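With mmCIF, C-alpha atoms and all ligand atoms inside, this is run_2.cif:
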```cif
data_protein
#
loop_
_atom_site.label_atom_id
_atom_site.label_comp_id
_atom_site.auth_asym_id
_atom_site.auth_seq_id
_atom_site.Cartn_x
_atom_site.Cartn_y
_atom_site.Cartn_z
CA MET R 1 64.84 -25.99 15.46
CA PRO R 2 62.78 -29.20 15.22
CA LEU R 3 59.57 -29.46 17.17
CA VAL R 4 60.26 -32.32 19.59
CA GLU R 5 57.29 -33.30 21.80
CA ASP R 6 56.64 -36.56 23.63
CA SER R 7 53.21 -37.25 22.11
CA ILE R 8 51.25 -36.68 18.91
CA GLU R 9 48.73 -34.53 20.80
CA LYS R 10 51.46 -32.20 22.11
CA THR R 11 53.02 -32.06 18.63
CA TYR R 12 49.65 -31.03 17.22
CA SER R 13 49.20 -28.32 19.91
CA SER R 14 52.64 -26.81 19.24
CA MET R 15 52.05 -26.89 15.49
CA LYS R 16 48.64 -25.26 15.96
CA GLU R 17 50.17 -22.47 18.04
CA LYS R 18 52.80 -21.71 15.42
CA LEU R 19 51.00 -22.44 12.16
CA HIS R 20 47.29 -21.70 12.73
CA ASN R 21 47.38 -18.65 10.42
CA VAL R 22 48.95 -20.50 7.47
CA VAL R 23 47.91 -24.20 7.64
CA PRO R 24 44.28 -25.44 7.95
CA ASP R 25 43.43 -27.37 11.12
CA PHE R 26 42.59 -30.70 9.42
CA GLU R 27 46.00 -30.62 7.75
CA LEU R 28 47.75 -29.89 11.05
CA ARG R 29 46.02 -32.87 12.71
CA TYR R 30 47.14 -35.20 9.94
CA LYS R 31 50.67 -33.79 9.70
CA ALA R 32 51.27 -33.82 13.48
CA GLU R 33 51.42 -37.64 13.35
CA LEU R 34 54.04 -37.54 10.61
CA VAL R 35 56.08 -34.87 12.40
CA TYR R 36 56.06 -36.82 15.65
CA GLU R 37 57.17 -40.01 13.90
CA ILE R 38 59.91 -38.27 11.86
CA ASN R 39 61.42 -36.61 14.94
CA ARG R 40 61.27 -39.89 16.92
CA ARG R 41 62.97 -41.90 14.18
CA LYS R 42 65.48 -39.15 13.44
CA LYS R 43 66.70 -39.30 17.05
CA GLU R 44 66.77 -43.10 16.97
CA ARG R 45 68.98 -43.08 13.84
CA GLY R 46 71.25 -40.16 14.80
CA ALA R 47 70.21 -38.39 11.59
CA VAL R 48 70.24 -34.68 10.83
CA ILE R 49 67.64 -32.95 8.65
CA LEU R 50 68.64 -29.88 6.64
CA GLY R 51 65.70 -27.89 5.19
CA HIS R 52 65.76 -25.21 2.53
CA ASN R 53 63.76 -21.99 3.11
CA TYR R 54 61.30 -23.06 0.36
CA MET R 55 59.94 -26.08 2.25
CA GLU R 56 56.21 -25.96 2.98
CA PRO R 57 55.38 -24.46 6.43
CA ALA R 58 54.29 -27.69 8.19
CA LEU R 59 57.65 -29.26 7.28
CA TYR R 60 59.86 -26.15 7.54
CA HIS R 61 58.79 -25.29 11.09
CA THR R 62 58.84 -28.82 12.53
CA VAL R 63 61.46 -31.34 11.39
CA PRO R 64 64.70 -29.68 10.15
CA ASP R 65 67.57 -29.28 12.61
CA PHE R 66 68.76 -26.42 10.42
CA VAL R 67 66.95 -24.30 7.85
CA GLY R 68 68.55 -21.79 5.53
CA ASP R 69 69.61 -20.69 2.06
CA SER R 70 72.02 -22.66 -0.14
CA LEU R 71 75.12 -21.11 1.41
CA GLU R 72 74.03 -21.65 5.02
CA LEU R 73 73.01 -25.24 4.29
CA ALA R 74 76.31 -25.95 2.50
CA ARG R 75 78.11 -24.66 5.61
CA LYS R 76 75.97 -26.84 7.89
CA ALA R 77 76.56 -29.84 5.62
CA ALA R 78 80.32 -29.22 5.87
CA GLU R 79 80.17 -29.10 9.69
CA THR R 80 77.81 -31.95 10.57
CA THR R 81 79.00 -35.24 12.07
CA CYS R 82 75.53 -36.86 11.90
CA ASP R 83 74.76 -39.81 9.65
CA PRO R 84 72.55 -39.98 7.63
CA ILE R 85 72.04 -36.43 6.35
CA ILE R 86 68.49 -35.99 5.07
CA PHE R 87 68.25 -33.08 2.68
CA CYS R 88 64.81 -31.49 2.38
CA GLY R 89 65.63 -29.50 -0.73
CA VAL R 90 66.46 -30.32 -4.34
CA ARG R 91 68.97 -32.75 -5.82
CA PHE R 92 71.83 -30.32 -6.45
CA MET R 93 71.70 -29.35 -2.74
CA ALA R 94 71.80 -32.98 -1.60
CA GLU R 95 74.70 -33.59 -4.01
CA THR R 96 76.53 -30.66 -2.41
CA ALA R 97 76.07 -32.28 1.02
CA LYS R 98 77.45 -35.56 -0.39
CA ILE R 99 80.49 -33.86 -1.95
CA LEU R 100 81.26 -32.29 1.44
CA ASN R 101 80.64 -35.60 3.31
CA PRO R 102 81.72 -38.40 0.96
CA GLY R 103 81.84 -40.96 3.79
CA ARG R 104 78.29 -40.34 5.03
CA THR R 105 74.90 -41.37 3.69
CA VAL R 106 72.99 -38.44 2.15
CA LEU R 107 69.29 -38.98 1.46
CA LEU R 108 67.00 -36.94 -0.79
CA PRO R 109 63.37 -37.71 0.18
CA ALA R 110 62.05 -37.46 -3.41
CA ARG R 111 63.64 -39.55 -6.16
CA GLU R 112 63.74 -36.66 -8.61
CA ALA R 113 63.64 -33.12 -7.25
CA GLY R 114 65.43 -31.23 -10.00
CA CYS R 115 65.95 -27.57 -10.87
CA SER R 116 65.55 -25.81 -14.23
CA LEU R 117 68.91 -24.05 -13.76
CA ALA R 118 70.81 -27.26 -12.98
CA ALA R 119 69.18 -28.89 -16.04
CA SER R 120 70.29 -26.04 -18.35
CA ILE R 121 73.98 -26.98 -18.63
CA THR R 122 76.11 -30.13 -18.96
CA ALA R 123 79.73 -30.93 -18.09
CA GLN R 124 80.50 -31.02 -21.84
CA ASP R 125 79.08 -27.47 -22.22
CA VAL R 126 81.56 -26.32 -19.55
CA ARG R 127 84.48 -28.09 -21.27
CA ASP R 128 83.47 -26.35 -24.53
CA LEU R 129 83.41 -22.96 -22.76
CA ARG R 130 86.89 -23.60 -21.34
CA ALA R 131 88.19 -24.46 -24.80
CA LYS R 132 86.58 -21.32 -26.29
CA TYR R 133 87.91 -18.97 -23.56
CA PRO R 134 91.26 -20.46 -22.43
CA GLY R 135 92.54 -19.12 -19.10
CA VAL R 136 89.23 -17.47 -18.11
CA PRO R 137 88.08 -18.61 -14.63
CA ILE R 138 84.71 -20.36 -14.46
CA VAL R 139 82.31 -19.58 -11.61
CA THR R 140 79.35 -21.89 -11.22
CA TYR R 141 76.22 -21.02 -9.32
CA ILE R 142 75.64 -23.79 -6.77
CA ASN R 143 72.43 -24.69 -8.70
CA THR R 144 74.32 -27.18 -10.93
CA TYR R 145 74.92 -30.93 -10.76
CA ALA R 146 78.16 -32.39 -9.38
CA ASP R 147 79.70 -33.25 -12.77
CA VAL R 148 79.30 -29.59 -13.84
CA LYS R 149 80.85 -28.32 -10.57
CA ALA R 150 83.74 -30.71 -11.21
CA GLU R 151 84.61 -28.82 -14.43
CA CYS R 152 84.54 -25.35 -12.80
CA ASP R 153 87.01 -23.34 -10.70
CA VAL R 154 84.78 -22.05 -7.94
CA CYS R 155 81.15 -22.20 -6.82
CA CYS R 156 78.97 -19.36 -5.59
CA THR R 157 75.46 -18.92 -4.22
CA SER R 158 72.96 -16.08 -4.43
CA GLY R 159 74.37 -14.91 -1.08
CA ASN R 160 77.98 -14.45 -2.23
CA ALA R 161 78.02 -14.33 -6.07
CA ALA R 162 79.37 -10.76 -6.47
CA LYS R 163 81.95 -11.29 -3.72
CA ILE R 164 83.25 -14.47 -5.39
CA VAL R 165 83.47 -12.80 -8.82
CA GLN R 166 85.33 -9.82 -7.31
CA SER R 167 87.75 -12.09 -5.45
CA LEU R 168 89.07 -13.59 -8.70
CA ASP R 169 92.22 -12.15 -10.18
CA SER R 170 90.68 -11.74 -13.64
CA ASP R 171 88.72 -8.95 -15.36
CA THR R 172 86.85 -11.50 -17.44
CA VAL R 173 84.93 -14.31 -15.76
CA ILE R 174 82.65 -17.06 -17.06
CA PHE R 175 79.53 -17.28 -14.89
CA ILE R 176 77.13 -20.21 -15.37
CA PRO R 177 74.28 -21.16 -15.70
CA ASP R 178 71.82 -18.45 -14.54
CA GLU R 179 71.66 -15.63 -17.09
CA TYR R 180 69.68 -13.29 -14.83
CA LEU R 181 71.94 -13.82 -11.82
CA ALA R 182 74.94 -13.20 -14.12
CA ARG R 183 73.31 -9.95 -15.35
CA ASN R 184 72.62 -8.85 -11.76
CA VAL R 185 76.21 -9.67 -10.74
CA ALA R 186 77.59 -7.82 -13.79
CA LYS R 187 75.63 -4.74 -12.74
CA GLU R 188 76.87 -4.98 -9.16
CA THR R 189 80.51 -5.49 -10.15
CA GLY R 190 80.53 -2.93 -13.00
CA LYS R 191 81.24 -5.50 -15.71
CA LYS R 192 79.76 -5.86 -19.17
CA ILE R 193 77.81 -9.04 -19.87
CA ILE R 194 77.82 -11.15 -23.02
CA LEU R 195 76.53 -14.62 -23.92
CA PRO R 196 78.84 -17.13 -25.67
CA SER R 197 77.05 -16.36 -28.98
CA GLU R 198 78.20 -12.71 -28.77
CA SER R 199 81.67 -11.32 -29.45
CA MET R 200 84.12 -10.28 -26.73
CA GLN R 201 85.00 -6.62 -26.15
CA ALA R 202 88.17 -5.27 -24.56
CA GLU R 203 86.59 -4.45 -21.19
CA PRO R 204 85.86 -6.32 -17.93
CA THR R 205 83.25 -8.87 -18.92
CA ILE R 206 81.09 -11.62 -17.52
CA ILE R 207 80.43 -14.37 -20.04
CA GLY R 208 77.04 -15.77 -19.08
CA TRP R 209 74.87 -18.75 -20.02
CA THR R 210 71.17 -18.90 -20.91
CA GLY R 211 69.79 -20.88 -17.94
CA LYS R 212 66.71 -19.47 -16.17
CA CYS R 213 64.86 -20.33 -12.98
CA GLU R 214 61.38 -21.37 -14.07
CA VAL R 215 59.92 -19.71 -10.94
CA HIS R 216 61.74 -16.37 -10.87
CA GLU R 217 61.50 -15.75 -14.62
CA GLN R 218 57.72 -15.45 -14.16
CA PHE R 219 57.94 -12.10 -12.35
CA SER R 220 57.90 -8.86 -14.37
CA PRO R 221 58.30 -5.13 -13.62
CA SER R 222 54.59 -4.66 -14.40
CA ASP R 223 53.70 -7.00 -11.49
CA ILE R 224 55.57 -4.61 -9.20
CA LYS R 225 53.99 -1.54 -10.79
CA ASN R 226 50.47 -2.96 -10.33
CA VAL R 227 51.08 -3.83 -6.68
CA ARG R 228 52.63 -0.42 -5.96
CA GLU R 229 49.55 1.29 -7.47
CA GLN R 230 47.28 -0.64 -5.12
CA PHE R 231 49.58 -0.59 -2.05
CA PRO R 232 51.83 2.50 -2.33
CA GLU R 233 53.73 1.71 0.89
CA VAL R 234 54.59 -1.87 -0.04
CA VAL R 235 58.24 -2.96 0.31
CA VAL R 236 59.21 -5.28 -2.57
CA LEU R 237 61.91 -7.93 -2.17
CA ALA R 238 63.24 -9.89 -5.16
CA HIS R 239 65.56 -12.90 -5.38
CA PRO R 240 68.60 -12.27 -7.65
CA GLU R 241 67.39 -15.06 -9.98
CA CYS R 242 64.76 -12.50 -11.13
CA SER R 243 65.58 -10.41 -14.21
CA PRO R 244 67.62 -7.19 -13.72
CA GLU R 245 64.49 -5.21 -14.70
CA VAL R 246 62.67 -6.80 -11.74
CA THR R 247 65.53 -6.37 -9.24
CA GLU R 248 65.89 -2.74 -10.40
CA ALA R 249 62.20 -2.07 -9.67
CA SER R 250 62.42 -3.74 -6.22
CA ASP R 251 63.48 -2.26 -2.88
CA PHE R 252 65.76 -5.11 -1.82
CA THR R 253 67.53 -8.02 -3.51
CA GLY R 254 69.14 -10.90 -1.66
CA SER R 255 69.30 -14.62 -1.02
CA THR R 256 66.28 -16.33 0.55
CA SER R 257 67.77 -15.99 4.06
CA LYS R 258 68.66 -12.35 3.49
CA MET R 259 65.03 -11.68 2.49
CA ILE R 260 63.77 -13.44 5.64
CA GLN R 261 66.14 -11.38 7.79
CA TYR R 262 65.08 -8.15 6.06
CA VAL R 263 61.38 -8.74 6.80
CA ARG R 264 62.20 -9.77 10.37
CA GLU R 265 64.09 -6.53 11.01
CA LYS R 266 62.16 -3.88 9.02
CA GLN R 267 58.79 -2.33 9.66
CA ALA R 268 56.42 -1.73 6.71
CA PRO R 269 52.64 -1.94 6.22
CA HIS R 270 53.06 -4.69 3.59
CA PHE R 271 55.86 -6.79 2.10
CA LEU R 272 55.84 -8.45 -1.31
CA LEU R 273 58.28 -11.32 -1.92
CA LEU R 274 59.15 -12.11 -5.52
CA THR R 275 60.24 -15.69 -4.95
CA GLU R 276 58.81 -19.15 -4.24
CA CYS R 277 55.54 -18.55 -2.36
CA SER R 278 55.99 -21.01 0.54
CA MET R 279 58.55 -18.63 1.93
CA ALA R 280 55.92 -15.95 2.55
CA ASP R 281 53.90 -18.51 4.57
CA ASN R 282 57.01 -19.47 6.55
CA ILE R 283 57.68 -15.80 7.34
CA MET R 284 54.03 -15.15 8.30
CA ALA R 285 54.09 -18.07 10.75
CA GLU R 286 57.21 -16.65 12.39
CA ASN R 287 56.10 -13.00 12.31
CA PRO R 288 52.30 -12.94 12.75
CA GLY R 289 52.30 -9.11 12.88
CA LYS R 290 53.76 -8.69 9.37
CA GLU R 291 51.50 -8.47 6.35
CA MET R 292 52.78 -10.40 3.35
CA LEU R 293 51.09 -9.77 0.01
CA GLN R 294 50.91 -12.79 -2.26
CA LEU R 295 50.71 -12.17 -5.99
CA CYS R 296 49.72 -15.71 -6.85
CA SER R 297 50.84 -19.18 -5.95
CA VAL R 298 54.22 -19.48 -7.65
CA ARG R 299 55.61 -22.73 -6.25
CA CYS R 300 58.79 -24.44 -7.39
CA PRO R 301 57.58 -27.81 -8.75
CA HIS R 302 60.85 -29.40 -7.63
CA MET R 303 60.99 -28.10 -4.05
CA ASN R 304 57.28 -28.95 -3.85
CA GLN R 305 58.09 -32.65 -4.28
CA ILE R 306 59.55 -32.85 -0.77
CA THR R 307 56.75 -33.78 1.61
CA LEU R 308 56.56 -34.96 5.23
CA GLU R 309 55.45 -38.39 3.95
CA ASP R 310 58.58 -38.65 1.77
CA THR R 311 60.78 -37.46 4.61
CA LEU R 312 59.43 -40.20 6.87
CA ASN R 313 59.90 -42.73 4.08
CA SER R 314 63.50 -41.65 3.62
CA LEU R 315 64.21 -42.30 7.32
CA VAL R 316 62.43 -45.66 7.33
CA ASN R 317 63.64 -47.05 4.00
CA ASN R 318 66.93 -45.17 3.57
CA GLU R 319 65.72 -43.54 0.33
CA TYR R 320 66.94 -42.03 -1.94
CA ILE R 321 70.69 -42.43 -1.52
CA ILE R 322 72.84 -39.85 -3.34
CA GLU R 323 75.65 -41.63 -5.16
CA LEU R 324 78.40 -39.86 -7.10
CA PRO R 325 81.60 -41.11 -8.76
CA GLU R 326 84.67 -40.62 -6.52
CA LYS R 327 86.50 -38.68 -9.25
CA VAL R 328 83.59 -36.22 -9.60
CA ILE R 329 83.39 -35.76 -5.81
CA LYS R 330 87.11 -34.95 -5.59
CA LYS R 331 87.03 -32.37 -8.41
CA ALA R 332 83.72 -30.76 -7.38
CA ARG R 333 84.98 -30.49 -3.79
CA VAL R 334 87.75 -28.14 -4.93
CA SER R 335 85.15 -25.65 -6.32
CA LEU R 336 83.01 -25.88 -3.18
CA ASP R 337 85.91 -25.60 -0.70
CA ARG R 338 87.19 -22.56 -2.58
CA MET R 339 83.76 -20.91 -2.26
CA LEU R 340 83.54 -21.69 1.47
CA GLU R 341 87.04 -20.22 2.03
CA LEU R 342 86.33 -17.10 -0.03
CA SER R 343 82.97 -16.41 1.59
CA ASN R 344 84.13 -16.67 5.20
P1 LIG R 401 69.05 -19.36 -2.04
O1 LIG R 401 70.46 -19.81 -1.97
O2 LIG R 401 68.91 -17.86 -2.06
O3 LIG R 401 68.25 -20.00 -0.96
O4 LIG R 401 68.44 -19.81 -3.45
C1 LIG R 401 68.26 -21.14 -3.82
C2 LIG R 401 67.30 -21.28 -4.91
O5 LIG R 401 67.20 -22.31 -5.53
C3 LIG R 401 66.48 -20.13 -5.22
O6 LIG R 401 65.60 -20.45 -6.21
FE1 LIG R 402 65.72 -24.26 -9.21
FE2 LIG R 402 64.17 -22.13 -9.41
FE3 LIG R 402 63.29 -24.24 -8.07
FE4 LIG R 402 65.27 -22.71 -7.05
S1 LIG R 402 63.15 -22.11 -7.42
S2 LIG R 402 65.22 -24.94 -7.15
S3 LIG R 402 66.36 -22.14 -8.94
S4 LIG R 402 63.75 -24.15 -10.28
#
```
Take the structure from the file and write it as structure tokens.
Amino acid sequence: MPLVEDSIEKTYSSMKEKLHNVVPDFELRYKAELVYEINRRKKERGAVILGHNYMEPALYHTVPDFVGDSLELARKAAETTCDPIIFCGVRFMAETAKILNPGRTVLLPAREAGCSLAASITAQDVRDLRAKYPGVPIVTYINTYADVKAECDVCCTSGNAAKIVQSLDSDTVIFIPDEYLARNVAKETGKKIILPSESMQAEPTIIGWTGKCEVHEQFSPSDIKNVREQFPEVVVLAHPECSPEVTEASDFTGSTSKMIQYVREKQAPHFLLLTECSMADNIMAENPGKEMLQLCSVRCPHMNQITLEDTLNSLVNNEYIIELPEKVIKKARVSLDRMLELSN
């Protein structure tokens, strides 16, 4: 929940109490002014702020009305009656909020906060896949742009991908654009995986694509091996955008919110998260007794673009408005609504 105080000094004190072990004091002093001003103006405008789990700790713990993974935030976006919706996340997430709320203003605080997965496939690529595999349903990971969603049959997120694939009445499914997520889902659902350049076999198959998350592709099984040698009791959690070799060598795989919940509920001497590194800071602030190991600073350059300064600017100057063609919104909405129905 947002940190609403009636003065900058009180905002600073509350931030200090919560964040002293992850954010330096000089930064808290400076950011308290921004947080106070954002929460004041948000109330004045009747806005809602949705924040992804990868936001930096001084933003994550202070201004969003709701935080969560892509699925939870899509659900919140579908329910909200506030206007404007400020999305502290990346563009495809803000587009999702717009598709679900075509009549409301959706603002993305940074002009360009992209995603390597969303950039890996175009609407024409999807039309070509449909022509190559007629009648095969197309599942798109939510990490795609609206025009790509508009060409697909159903969306999924890291929190429901296997469930969505299993719910389709088809042994063969096209799953775009994340190759590693597709490989992890194939393993979980007992299907074979091929890429469009490979030939089809007569068995249940996922036809994948070659997109990769530029953050999660950096982790390797040898990272896990090295950490386990040094900290034998470590519990390793990996996001399903990591390679199947990495998820195989980990103790738990799940969406960002499922990882947060796992650490909250389990006891272990150390946890290692193989995902965007702000999340470990956010968990440490919430659970000061838990020890999070940090391999190195692997930040998503796109999520990293969303700052408190930009969030304040978006409230003051109504920037940057997400605009999508009506036809695209209508078609993409079908894929998103189908996901929300199937994952209830
Ligand atoms: P989640 O839906 O698990 O939060 O993942 C979003 C994402 O972009 C991970 O890199
Ligand atoms: Fe995209 Fe990876 Fe960044 Fe998530 S972490 S937004 S998948 S580039």
Item to complete: In the coordinate frame of the file, compute which residues have an atom within 10 Å of (79.8, -29.1, 6.0) when using all atoms listed in the file, and state them as a list of chain:residue names.
Response: R:Glu72, R:Leu73, R:Ala74, R:Arg75, R:Lys76, R:Ala77, R:Ala78, R:Glu79, R:Thr80, R:Thr81, R:Thr96, R:Ala97, R:Lys98, R:Ile99, R:Leu100, R:Asn101, R:Asp337, R:Leu340
Practice prompt. Produce as number ranges by chain the set of residues near ligand LIG 401 (chain R), where near means within 10 Å with only C-alpha atoms and all ligand atoms considered.
Written response: R: 52-54, 67-74, 89-90, 92-93, 115-118, 141-143, 156-160, 213-216, 239-242, 254-259, 275-276, 300, 302-303
Could the residues in this selection be saved with C-alpha atoms as a compact mmCIF listing (two decimals), in the frame of the given file?
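Full text of part_39.txt as output:
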```txt
# COMPACT_ATOMS: atom_id res chain seq x y z
CA HIS R 52 65.76 -25.21 2.53
CA ASN R 53 63.76 -21.99 3.11
CA TYR R 54 61.30 -23.06 0.36
CA VAL R 67 66.95 -24.30 7.85
CA GLY R 68 68.55 -21.79 5.53
CA ASP R 69 69.61 -20.69 2.06
CA SER R 70 72.02 -22.66 -0.14
CA LEU R 71 75.12 -21.11 1.41
CA GLU R 72 74.03 -21.65 5.02
CA LEU R 73 73.01 -25.24 4.29
CA ALA R 74 76.31 -25.95 2.50
CA GLY R 89 65.63 -29.50 -0.73
CA VAL R 90 66.46 -30.32 -4.34
CA PHE R 92 71.83 -30.32 -6.45
CA MET R 93 71.70 -29.35 -2.74
CA CYS R 115 65.95 -27.57 -10.87
CA SER R 116 65.55 -25.81 -14.23
CA LEU R 117 68.91 -24.05 -13.76
CA ALA R 118 70.81 -27.26 -12.98
CA TYR R 141 76.22 -21.02 -9.32
CA ILE R 142 75.64 -23.79 -6.77
CA ASN R 143 72.43 -24.69 -8.70
CA CYS R 156 78.97 -19.36 -5.59
CA THR R 157 75.46 -18.92 -4.22
CA SER R 158 72.96 -16.08 -4.43
CA GLY R 159 74.37 -14.91 -1.08
CA ASN R 160 77.98 -14.45 -2.23
CA CYS R 213 64.86 -20.33 -12.98
CA GLU R 214 61.38 -21.37 -14.07
CA VAL R 215 59.92 -19.71 -10.94
CA HIS R 216 61.74 -16.37 -10.87
CA HIS R 239 65.56 -12.90 -5.38
CA PRO R 240 68.60 -12.27 -7.65
CA GLU R 241 67.39 -15.06 -9.98
CA CYS R 242 64.76 -12.50 -11.13
CA GLY R 254 69.14 -10.90 -1.66
CA SER R 255 69.30 -14.62 -1.02
CA THR R 256 66.28 -16.33 0.55
CA SER R 257 67.77 -15.99 4.06
CA LYS R 258 68.66 -12.35 3.49
CA MET R 259 65.03 -11.68 2.49
CA THR R 275 60.24 -15.69 -4.95
CA GLU R 276 58.81 -19.15 -4.24
CA CYS R 300 58.79 -24.44 -7.39
CA HIS R 302 60.85 -29.40 -7.63
CA MET R 303 60.99 -28.10 -4.05
```
Find the axis-aligned box for ligand LIG 402 (chain R), covering all its listed atoms and adding 5 Å on each side, and write its centre and edge lengths in Å to one decimal as JSON.
```
{"center_x": 64.8, "center_y": -23.5, "center_z": -8.7, "size_x": 13.2, "size_y": 12.8, "size_z": 13.2}
```
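Each of R:Ala249, R:Leu324, R:Leu28, R:Leu195 was compared to Thr62 of chain R using only C-alpha atoms, and R:Leu28 turns out to be the nearest.
With only C-alpha atoms as the atoms that count, the minimum distance from Pro84 of chain R to the choices R:Arg41, R:Lys10, R:Lys163, R:Arg228 is reached by R:Arg41.
In this comparison, which uses only C-alpha atoms and all ligand atoms, the residue of R:Gly289, R:Pro64, R:Gly114, R:Gly46 approaching ligand LIG 402 (chain R) most closely is R:Gly114.
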Discussion item. Set the distance at 9 Å and use all atoms listed in the file: which residues neighbour segment 205-210 of chain R once local chain neighbours fewer than 5 positions away are removed? I'd like the list as a ChimeraX atom specification.
Written reply: /R:120-121,171-180,182-183,185-186,190-196,200
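Restricting the calculation to only C-alpha atoms and all ligand atoms, the smallest distance between ligand LIG 402 (chain R) and any of R:Thr253, R:Thr144, R:Asn313, R:Gln294 is found for R:Thr144.
Going from atom CA of Glu37 of chain R over to atom CA of Ile8 of chain R, you cover 8.4 Å.
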Worksheet entry | Shell of 10 Å around Ser250 of chain R, all atoms listed in the file, local chain residues under 3 positions omitted, as a ChimeraX atom specification | /R:221,224-225,235-239,244-247,253,272-274
Response to the item:
Judged by all atoms listed in the file, the minimum distance to Lys16 of chain R among R:Lys42, R:Lys290, R:Lys31, R:Arg338 is found for R:Lys31
